[in-house]
Amino acid sequence: MATVRRIGLSLGADLCWPAFYEDIIAALNPTFSVGGERVSVDIERITIEPFALQAPVAYDVVLDRLTHWYHTSREWIKKAIILDGTYVLNNPFTLQSMEKHTSYVAMMRLGMPVPETWMLPPKGYEQAPDLDVTLATYARMFDLSAVGDAVGYPAFLKPYEGGGWVGVSRVDGADELQRAYDESGTSLMNLQKAVEPYDLFLRTLGVGPQVNVIRYDPDAALHDRYKVEFGFVDDDELRLLEDMVLTINAFFGWDFNSCETIRRDGVFHPIDFANACPDSQVTSLHYHIPWLVKAKIRWSLFCAVTRRPMRLNPEWGEFFAVADSDMAYRDKLAAYGEIARRRFDADRFTEFCDEHLAGLDEAAYEYFATDRARGIVRNKVAATFPEHEVDEFTDHFFGLIEFWRRTEADRLGSGS
Ligand SMILES: Nc1ncnc2c1ncn2[C@@H]1O[C@H](COP(=O)(O)OP(=O)(O)OP(=O)(O)O)[C@@H](O)[C@H]1O
Ligand SMILES: [Mg+2]
C-alpha cells in the first residue's frame with residue numbers, strides 16, 4: 001500500500017494555474033519510492049471554515065495564494081506550520097512582518113543596488129486615542145521638497161507595502177511630488193529614485209531553486225507586458241539574476257516570488273521584489289505559464305514527498321557575514337546564491353526531478369495541446385475580458401501557448 005502525501009491549494013480567484021496544475025499531476029499520476037516506502041500524492045482545494053486550533057491538519061504541503069490579504073487562511077496556515085509541521089509556500093510569518101519597504105532595507109544591507117529610497121510619514125491619519133499628543137509632541141514639520149531633492153528626480157512615490165500599482169506615482173519635480181503626496185491618504189509612502197533611462201526591464205520568477213528571467217514592459221497593455229524574447233542577457237548576467245532572486249527568496253523564506261529588476265549602465269537594480277503572491281495568470285504570463293506550472297509541480301512534489309522541513313528561523317547571520325566581508329559585490333552575490341541554493345536543496349532537488357519526474361516535460365507538452373487546456377484559458381479570459389473580446393483573446397493566449405509547445409519541442413528534441 002502506498003502512503004499518501006497531501007498537497008492543499010489555498011486559493012482565491014485563481015482560475016487557470018490550479019486547474020493546469022491538477023490536470024497535469026493527474027495525467028502524470030506519479031508514485032515515488034522513498035526510503036523503501038511507496039508514496040503517492042493527493043491534491044485538494046482547501047475550504048474556508050471555522051477550525052479548532054488543535055484540530056490536526058493533514059496537508060504535508062500547502063500552496064497558498066491568500067495569506068497576504070485573507071486572514072482566516074493566514075492564521076490557519078500559521079497554526080498548521082506550528083502545530084502540524086505543514087510546509088507552506090510562502091512563509092506567512094515573514095510575509096506578514098516584512099513589506100516591500102523592509103525588503104528594500106534588507107537587500108541594501110546585502111549590498112544590492114536598490115535605488116535611493118526614503119520613507120515619509122503619512123499625509124493623513126485614522127484617529128487614535130494618543131495620536132494628537134504624539135504628533136504634537138514629536139512629529140516634526142518637514143519640507144517635502146528637500147526629501148525630493150535628496151532622492152532626486154524622476155522618482156516614484158509608492159506605498160511602503162504596495163502591490164498592483166495601487167497608489168504608485170511617477171513624479172518629475174517638487175510640485176508633482178507635493179500633489180502625489182497630498183493624494184496619498186493614510187498610506188505610509190516610500191519615495192524612490194527612478195532608474196531611468198534604462199535599457200532592460202525584467203521580471204524574474206523563482207520557484208524553489210528554479211528561476212526564469214523574463215523581459216517585461218511595464219508600459220505595455222496588461223496582456224502584453226511579459227515578453228516572448230530570448231537572448232536579452234548574456235550568461236554572466238543570467239547567473240547574476242539567478243543569484244539575486246534566489247538570495248531574496250532564501251533570505252525571506254519565500255519559495256515563490258518575482259523580482260523586478262532594471263538594468264542601467266550594465267547594473268541590475270532590483271526595484272520591487274516583495275511579491276510573494278506573484279502574478280500567475282495565463283492572461284498575463286501566456287507563453288510562460290507552462291514553465292510556472294511545471295516549476296510549481298516539481299517543487300511542491302519535492303517538498304511533499306521528501307517531507308521537506310519548513311525553515312522557521314530566517315538565520316540572516318550567514319548572509320550578513322558575507323555582506324560584512326571585503327569581497328567584491330559580484331562575489332558576495334555569488335556567495336549569497338550558494339547559501340540560497342543550499343537552503344533550497346538545489347542538488348537534491350535536481351536528482352529528485354531526474355529520478356521521479358522525467359515524464360513531466362512530455363506530460364505538460366501533451367496537455368497544453370488539449371481542448372481541456374484551451375477551455376481553461378477561455379474560462380480565465382471570460383472572467384477578465386469583455387464578452388466581445390473573449391474569442392480573440394482566447395486565441396491570442398492559447399496561440400502563445402502553442403508557440404511555447406514549438407519551442408519546447410525544439411528544446412526537448414535537442415535534449416537540453
Ligand atoms: N525606482 C524605480 N525606477 C523605475 N521604475 C519604477 C521604480 N519604482 C517603480 N517603478 C515603476 O512603477 C511600477 C510599479 O512600482 P512597483 O512595482 O514598486 O509597485 P507595485 O504596486 O508593487 O506593482 P506590481 O504589483 O505591479 O509589481 C514598476 O513596475 C515600474 O514600472
Ligand atoms: Mg511591481
# chains A, B, ... in the order shown; residues from 1 in each chain; ligands from 1

call {"tool": "residues_near_ligand", "arguments": {"ligand": "ligand 2", "cutoff": "9 Å", "atoms": "only C-alpha atoms and all ligand atoms", "output": "list in words"}}
result
Gly162, Gly163, Gly164, Trp165, Arg203, Pro218, Ser258, Cys259, Glu260, Ile271, Asp272, Phe273, Ala274 and Asn275 of chain A

call {"tool": "select_by_dssp", "arguments": {"residues": "range 181-372 of chain A", "states": "strand (DSSP E)", "output": "ChimeraX atom specification"}}
result
/A:189-193,200-207,210-215,256-264,267-272

call {"tool": "atom_distance", "arguments": {"atom1": "CA of Arg342 in chain A", "atom2": "CA of Ile289 in chain A"}}
result
26.5 Å

call {"tool": "closest_atom_pairs", "arguments": {"of": "chain A", "to": "ligand 1", "cutoff": "10 Å", "atoms": "only C-alpha atoms and all ligand atoms", "output": "JSON lines"}}
result
{"residue": "A:Lys100", "atom": "CA", "partner": "ligand 1", "partner_atom_place_in_ligand_line": "22 (O)", "distance": 7.8}
{"residue": "A:His101", "atom": "CA", "partner": "ligand 1", "partner_atom_place_in_ligand_line": "18 (O)", "distance": 9.8}
{"residue": "A:Val114", "atom": "CA", "partner": "ligand 1", "partner_atom_place_in_ligand_line": "1 (N)", "distance": 8.1}
{"residue": "A:Pro115", "atom": "CA", "partner": "ligand 1", "partner_atom_place_in_ligand_line": "1 (N)", "distance": 6.0}
{"residue": "A:Glu116", "atom": "CA", "partner": "ligand 1", "partner_atom_place_in_ligand_line": "1 (N)", "distance": 8.2}
{"residue": "A:Thr117", "atom": "CA", "partner": "ligand 1", "partner_atom_place_in_ligand_line": "1 (N)", "distance": 8.3}
{"residue": "A:Pro154", "atom": "CA", "partner": "ligand 1", "partner_atom_place_in_ligand_line": "3 (N)", "distance": 8.5}
{"residue": "A:Ala155", "atom": "CA", "partner": "ligand 1", "partner_atom_place_in_ligand_line": "1 (N)", "distance": 6.6}
{"residue": "A:Phe156", "atom": "CA", "partner": "ligand 1", "partner_atom_place_in_ligand_line": "8 (N)", "distance": 5.3}
{"residue": "A:Leu157", "atom": "CA", "partner": "ligand 1", "partner_atom_place_in_ligand_line": "8 (N)", "distance": 7.9}
{"residue": "A:Lys158", "atom": "CA", "partner": "ligand 1", "partner_atom_place_in_ligand_line": "18 (O)", "distance": 6.6}
{"residue": "A:Pro159", "atom": "CA", "partner": "ligand 1", "partner_atom_place_in_ligand_line": "21 (O)", "distance": 7.6}
{"residue": "A:Tyr160", "atom": "CA", "partner": "ligand 1", "partner_atom_place_in_ligand_line": "18 (O)", "distance": 8.8}
{"residue": "A:Glu161", "atom": "CA", "partner": "ligand 1", "partner_atom_place_in_ligand_line": "22 (O)", "distance": 7.9}
{"residue": "A:Gly162", "atom": "CA", "partner": "ligand 1", "partner_atom_place_in_ligand_line": "21 (O)", "distance": 4.7}
{"residue": "A:Gly163", "atom": "CA", "partner": "ligand 1", "partner_atom_place_in_ligand_line": "21 (O)", "distance": 3.2}
{"residue": "A:Gly164", "atom": "CA", "partner": "ligand 1", "partner_atom_place_in_ligand_line": "25 (O)", "distance": 3.3}
{"residue": "A:Trp165", "atom": "CA", "partner": "ligand 1", "partner_atom_place_in_ligand_line": "21 (O)", "distance": 3.3}
{"residue": "A:Val166", "atom": "CA", "partner": "ligand 1", "partner_atom_place_in_ligand_line": "21 (O)", "distance": 5.3}
{"residue": "A:Gly167", "atom": "CA", "partner": "ligand 1", "partner_atom_place_in_ligand_line": "21 (O)", "distance": 7.3}
{"residue": "A:Val168", "atom": "CA", "partner": "ligand 1", "partner_atom_place_in_ligand_line": "14 (C)", "distance": 6.0}
{"residue": "A:Ser169", "atom": "CA", "partner": "ligand 1", "partner_atom_place_in_ligand_line": "12 (O)", "distance": 7.5}
{"residue": "A:Arg170", "atom": "CA", "partner": "ligand 1", "partner_atom_place_in_ligand_line": "12 (O)", "distance": 7.3}
{"residue": "A:Asn190", "atom": "CA", "partner": "ligand 1", "partner_atom_place_in_ligand_line": "18 (O)", "distance": 9.4}
{"residue": "A:Leu191", "atom": "CA", "partner": "ligand 1", "partner_atom_place_in_ligand_line": "1 (N)", "distance": 8.6}
{"residue": "A:Gln192", "atom": "CA", "partner": "ligand 1", "partner_atom_place_in_ligand_line": "1 (N)", "distance": 5.2}
{"residue": "A:Lys193", "atom": "CA", "partner": "ligand 1", "partner_atom_place_in_ligand_line": "1 (N)", "distance": 5.1}
{"residue": "A:Ala194", "atom": "CA", "partner": "ligand 1", "partner_atom_place_in_ligand_line": "3 (N)", "distance": 3.4}
{"residue": "A:Val195", "atom": "CA", "partner": "ligand 1", "partner_atom_place_in_ligand_line": "3 (N)", "distance": 3.9}
{"residue": "A:Glu196", "atom": "CA", "partner": "ligand 1", "partner_atom_place_in_ligand_line": "4 (C)", "distance": 6.0}
{"residue": "A:Pro197", "atom": "CA", "partner": "ligand 1", "partner_atom_place_in_ligand_line": "4 (C)", "distance": 8.4}
{"residue": "A:Tyr198", "atom": "CA", "partner": "ligand 1", "partner_atom_place_in_ligand_line": "4 (C)", "distance": 8.2}
{"residue": "A:Phe201", "atom": "CA", "partner": "ligand 1", "partner_atom_place_in_ligand_line": "31 (O)", "distance": 8.3}
{"residue": "A:Leu202", "atom": "CA", "partner": "ligand 1", "partner_atom_place_in_ligand_line": "29 (O)", "distance": 9.5}
{"residue": "A:Arg203", "atom": "CA", "partner": "ligand 1", "partner_atom_place_in_ligand_line": "29 (O)", "distance": 9.2}
{"residue": "A:Tyr216", "atom": "CA", "partner": "ligand 1", "partner_atom_place_in_ligand_line": "29 (O)", "distance": 8.9}
{"residue": "A:Asp217", "atom": "CA", "partner": "ligand 1", "partner_atom_place_in_ligand_line": "31 (O)", "distance": 7.9}
{"residue": "A:Pro218", "atom": "CA", "partner": "ligand 1", "partner_atom_place_in_ligand_line": "31 (O)", "distance": 4.8}
{"residue": "A:Asp219", "atom": "CA", "partner": "ligand 1", "partner_atom_place_in_ligand_line": "31 (O)", "distance": 7.1}
{"residue": "A:Leu222", "atom": "CA", "partner": "ligand 1", "partner_atom_place_in_ligand_line": "26 (O)", "distance": 9.9}
{"residue": "A:Ser258", "atom": "CA", "partner": "ligand 1", "partner_atom_place_in_ligand_line": "27 (O)", "distance": 8.6}
{"residue": "A:Cys259", "atom": "CA", "partner": "ligand 1", "partner_atom_place_in_ligand_line": "27 (O)", "distance": 8.5}
{"residue": "A:Glu260", "atom": "CA", "partner": "ligand 1", "partner_atom_place_in_ligand_line": "17 (O)", "distance": 6.9}
{"residue": "A:Thr261", "atom": "CA", "partner": "ligand 1", "partner_atom_place_in_ligand_line": "3 (N)", "distance": 9.0}
{"residue": "A:Ile262", "atom": "CA", "partner": "ligand 1", "partner_atom_place_in_ligand_line": "4 (C)", "distance": 7.2}
{"residue": "A:Arg263", "atom": "CA", "partner": "ligand 1", "partner_atom_place_in_ligand_line": "4 (C)", "distance": 10.0}
{"residue": "A:His269", "atom": "CA", "partner": "ligand 1", "partner_atom_place_in_ligand_line": "1 (N)", "distance": 8.4}
{"residue": "A:Pro270", "atom": "CA", "partner": "ligand 1", "partner_atom_place_in_ligand_line": "1 (N)", "distance": 8.4}
{"residue": "A:Ile271", "atom": "CA", "partner": "ligand 1", "partner_atom_place_in_ligand_line": "1 (N)", "distance": 5.4}
{"residue": "A:Asp272", "atom": "CA", "partner": "ligand 1", "partner_atom_place_in_ligand_line": "18 (O)", "distance": 4.8}
{"residue": "A:Phe273", "atom": "CA", "partner": "ligand 1", "partner_atom_place_in_ligand_line": "22 (O)", "distance": 7.9}
{"residue": "A:Ala274", "atom": "CA", "partner": "ligand 1", "partner_atom_place_in_ligand_line": "22 (O)", "distance": 7.6}
{"residue": "A:Asn275", "atom": "CA", "partner": "ligand 1", "partner_atom_place_in_ligand_line": "27 (O)", "distance": 6.9}
{"residue": "A:Cys277", "atom": "CA", "partner": "ligand 1", "partner_atom_place_in_ligand_line": "25 (O)", "distance": 9.5}
{"residue": "A:Pro278", "atom": "CA", "partner": "ligand 1", "partner_atom_place_in_ligand_line": "25 (O)", "distance": 7.9}
{"residue": "A:Asp279", "atom": "CA", "partner": "ligand 1", "partner_atom_place_in_ligand_line": "25 (O)", "distance": 8.2}

call {"tool": "residues_around", "arguments": {"residues": "Val207 in chain A", "least_positions_apart": "5", "cutoff": "10 Å", "atoms": "only C-alpha atoms", "output": "list of chain:residue names"}}
result
A:Leu89, A:Asn212, A:Val245, A:Leu246, A:Asn249, A:Trp254, A:Asp255, A:Phe256, A:Asn257, A:Ser258, A:Leu292, A:Val293, A:Lys294, A:Ala295, A:Lys296, A:Ile297, A:Arg298, A:Trp299, A:Ser300, A:Phe344

call {"tool": "select_by_dssp", "arguments": {"residues": "range 120-346 of chain A", "states": "helix (DSSP H, G or I)", "output": "NGL selection string"}}
result
:A and (131-138 or 144-151 or 174-182 or 222-224 or 235-252 or 282-305 or 317-323 or 329-343 or 346)

call {"tool": "write_last_selection", "arguments": {"atoms": "C-alpha atoms", "output": "compact mmCIF listing (two decimals), in the first residue's frame"}}
result
# COMPACT_ATOMS: atom_id res chain seq x y z
CA LEU A 131 -2.47 60.37 18.04
CA ASP A 132 -2.79 64.10 18.61
CA VAL A 133 -0.49 64.25 21.59
CA THR A 134 2.09 62.02 19.88
CA LEU A 135 2.15 64.11 16.73
CA ALA A 136 2.04 67.43 18.58
CA THR A 137 4.96 66.37 20.75
CA TYR A 138 7.19 64.52 18.33
CA LEU A 144 8.83 67.57 1.29
CA SER A 145 10.78 69.24 -1.49
CA ALA A 146 14.00 68.72 0.49
CA VAL A 147 13.26 64.99 0.57
CA GLY A 148 12.58 65.15 -3.17
CA ASP A 149 15.94 66.85 -3.72
CA ALA A 150 17.74 64.27 -1.60
CA VAL A 151 16.22 61.41 -3.60
CA ALA A 174 8.65 69.15 -6.34
CA ASP A 175 5.15 70.22 -7.47
CA GLU A 176 4.24 66.77 -8.74
CA LEU A 177 5.66 65.22 -5.59
CA GLN A 178 3.56 67.51 -3.42
CA ARG A 179 0.43 66.72 -5.39
CA ALA A 180 1.02 62.95 -5.24
CA TYR A 181 1.79 63.09 -1.52
CA ASP A 182 -1.33 65.16 -0.82
CA LEU A 222 -1.66 44.43 -19.29
CA HIS A 223 -1.88 41.39 -21.58
CA ASP A 224 1.36 42.26 -23.34
CA ASP A 235 25.41 34.04 -19.37
CA ASP A 236 27.08 36.14 -16.68
CA GLU A 237 24.05 38.37 -16.39
CA LEU A 238 21.77 35.37 -16.25
CA ARG A 239 23.77 33.91 -13.37
CA LEU A 240 23.72 37.27 -11.58
CA LEU A 241 19.93 37.49 -11.90
CA GLU A 242 19.54 33.92 -10.67
CA ASP A 243 21.79 34.66 -7.69
CA MET A 244 19.78 37.80 -6.98
CA VAL A 245 16.32 36.24 -6.92
CA LEU A 246 17.44 33.11 -5.07
CA THR A 247 19.14 35.30 -2.45
CA ILE A 248 15.99 37.35 -1.92
CA ASN A 249 13.78 34.28 -1.74
CA ALA A 250 16.04 32.32 0.59
CA PHE A 251 16.57 35.37 2.81
CA PHE A 252 12.84 35.76 3.47
CA VAL A 282 -2.42 32.94 -18.18
CA THR A 283 -3.79 36.32 -19.23
CA SER A 284 -0.50 37.93 -18.29
CA LEU A 285 2.02 35.07 -18.42
CA HIS A 286 0.68 33.28 -21.57
CA TYR A 287 3.84 31.72 -23.17
CA HIS A 288 5.49 31.49 -19.73
CA ILE A 289 2.62 29.79 -17.84
CA PRO A 290 3.70 26.21 -18.66
CA TRP A 291 7.10 26.96 -17.11
CA LEU A 292 5.44 28.27 -13.97
CA VAL A 293 3.02 25.35 -13.64
CA LYS A 294 5.78 22.80 -14.13
CA ALA A 295 8.03 24.61 -11.65
CA LYS A 296 5.26 24.58 -9.04
CA ILE A 297 4.56 20.91 -9.69
CA ARG A 298 8.22 19.93 -9.31
CA TRP A 299 8.85 21.98 -6.20
CA SER A 300 5.63 21.12 -4.37
CA LEU A 301 6.05 17.39 -5.10
CA PHE A 302 9.66 17.55 -3.93
CA CYS A 303 8.63 19.27 -0.69
CA ALA A 304 5.73 16.88 -0.07
CA VAL A 305 7.37 13.60 -1.00
CA GLY A 317 23.60 35.92 10.13
CA GLU A 318 25.05 33.75 7.38
CA PHE A 319 24.13 36.37 4.77
CA PHE A 320 25.33 39.25 6.91
CA ALA A 321 28.72 37.58 7.42
CA VAL A 322 29.19 37.62 3.64
CA ALA A 323 27.90 41.21 3.45
CA TYR A 329 29.81 42.84 -4.79
CA ARG A 330 29.60 40.22 -7.53
CA ASP A 331 31.48 37.71 -5.38
CA LYS A 332 29.20 38.43 -2.45
CA LEU A 333 26.18 37.87 -4.65
CA ALA A 334 27.64 34.55 -5.80
CA ALA A 335 28.22 33.59 -2.15
CA TYR A 336 24.64 34.53 -1.22
CA GLY A 337 23.49 32.50 -4.22
CA GLU A 338 25.34 29.46 -2.89
CA ILE A 339 23.72 29.85 0.54
CA ALA A 340 20.35 30.12 -1.18
CA ARG A 341 20.91 27.04 -3.36
CA ARG A 342 21.94 25.09 -0.29
CA ARG A 343 18.84 26.24 1.58
CA ALA A 346 19.15 22.54 -5.23

call {"tool": "residues_around", "arguments": {"residues": "range 391-407 of chain A", "least_positions_apart": "2", "cutoff": "7 Å", "atoms": "only C-alpha atoms", "output": "PyMOL selection string"}}
result
chain A and resi 283+286-287+365+374+377-378+381+389+409-411

call {"tool": "write_last_selection", "arguments": {"atoms": "C-alpha atoms", "output": "JSON list (two decimals), in the first residue's frame"}}
result
[["chain", "number", "residue", "atom", "x", "y", "z"],
["A", 283, "THR", "CA", -3.79, 36.32, -19.23],
["A", 286, "HIS", "CA", 0.68, 33.28, -21.57],
["A", 287, "TYR", "CA", 3.84, 31.72, -23.17],
["A", 365, "TYR", "CA", 3.74, 19.22, -23.65],
["A", 374, "ARG", "CA", -7.87, 25.62, -24.11],
["A", 377, "VAL", "CA", -7.68, 29.54, -20.88],
["A", 378, "ARG", "CA", -11.10, 30.57, -22.21],
["A", 381, "VAL", "CA", -10.27, 35.13, -20.43],
["A", 389, "GLU", "CA", -13.13, 40.08, -26.85],
["A", 409, "ALA", "CA", 9.61, 20.57, -28.87],
["A", 410, "ASP", "CA", 12.91, 22.06, -30.07],
["A", 411, "ARG", "CA", 14.28, 22.08, -26.53]]

call {"tool": "closest_residue", "arguments": {"among": "A:Arg6, A:Arg140, A:His68, A:Arg348", "to": "Leu120 in chain A", "atoms": "only C-alpha atoms"}}
result
A:Arg140

call {"tool": "atom_distance", "arguments": {"atom1": "CA of Gly173 in chain A", "atom2": "CA of Gly124 in chain A"}}
result
21.8 Å

call {"tool": "decode", "arguments": {"residues": "range 305-319 of chain A", "atoms": "N, CA and C atoms", "output": "CSV table (one decimal), in the first residue's frame"}}
result
chain,number,residue,atom,x,y,z
A,305,VAL,N,6.9,15.0,-1.0
A,305,VAL,CA,7.4,13.6,-1.0
A,305,VAL,C,8.6,13.4,-0.1
A,306,THR,N,9.5,14.4,0.0
A,306,THR,CA,10.7,14.2,0.8
A,306,THR,C,10.4,14.8,2.2
A,307,ARG,N,9.2,15.2,2.5
A,307,ARG,CA,8.8,15.8,3.8
A,307,ARG,C,9.8,16.9,4.2
A,308,ARG,N,10.0,17.8,3.2
A,308,ARG,CA,11.0,18.9,3.5
A,308,ARG,C,10.5,19.7,4.7
A,309,PRO,N,11.4,19.9,5.7
A,309,PRO,CA,11.0,20.7,6.8
A,309,PRO,C,11.0,22.2,6.5
A,310,MET,N,10.0,22.8,7.1
A,310,MET,CA,10.0,24.3,6.8
A,310,MET,C,11.0,25.0,7.7
A,311,ARG,N,11.7,25.9,7.1
A,311,ARG,CA,12.7,26.7,7.9
A,311,ARG,C,12.0,27.8,8.6
A,312,LEU,N,11.9,27.7,9.9
A,312,LEU,CA,11.2,28.7,10.7
A,312,LEU,C,12.0,29.9,11.1
A,313,ASN,N,13.3,29.7,11.3
A,313,ASN,CA,14.2,30.8,11.7
A,313,ASN,C,14.9,31.3,10.4
A,314,PRO,N,14.8,32.6,10.1
A,314,PRO,CA,15.4,33.0,8.8
A,314,PRO,C,16.9,33.0,8.8
A,315,GLU,N,17.5,33.0,10.0
A,315,GLU,CA,19.0,32.8,10.1
A,315,GLU,C,19.7,33.7,9.1
A,316,TRP,N,19.6,35.0,9.4
A,316,TRP,CA,20.2,36.0,8.5
A,316,TRP,C,21.7,36.2,8.7
A,317,GLY,N,22.2,35.7,9.8
A,317,GLY,CA,23.6,35.9,10.1
A,317,GLY,C,24.5,35.4,9.0
A,318,GLU,N,24.2,34.3,8.4
A,318,GLU,CA,25.1,33.8,7.4
A,318,GLU,C,25.2,34.7,6.2
A,319,PHE,N,24.1,35.4,5.8
A,319,PHE,CA,24.1,36.4,4.8
A,319,PHE,C,24.9,37.6,5.2
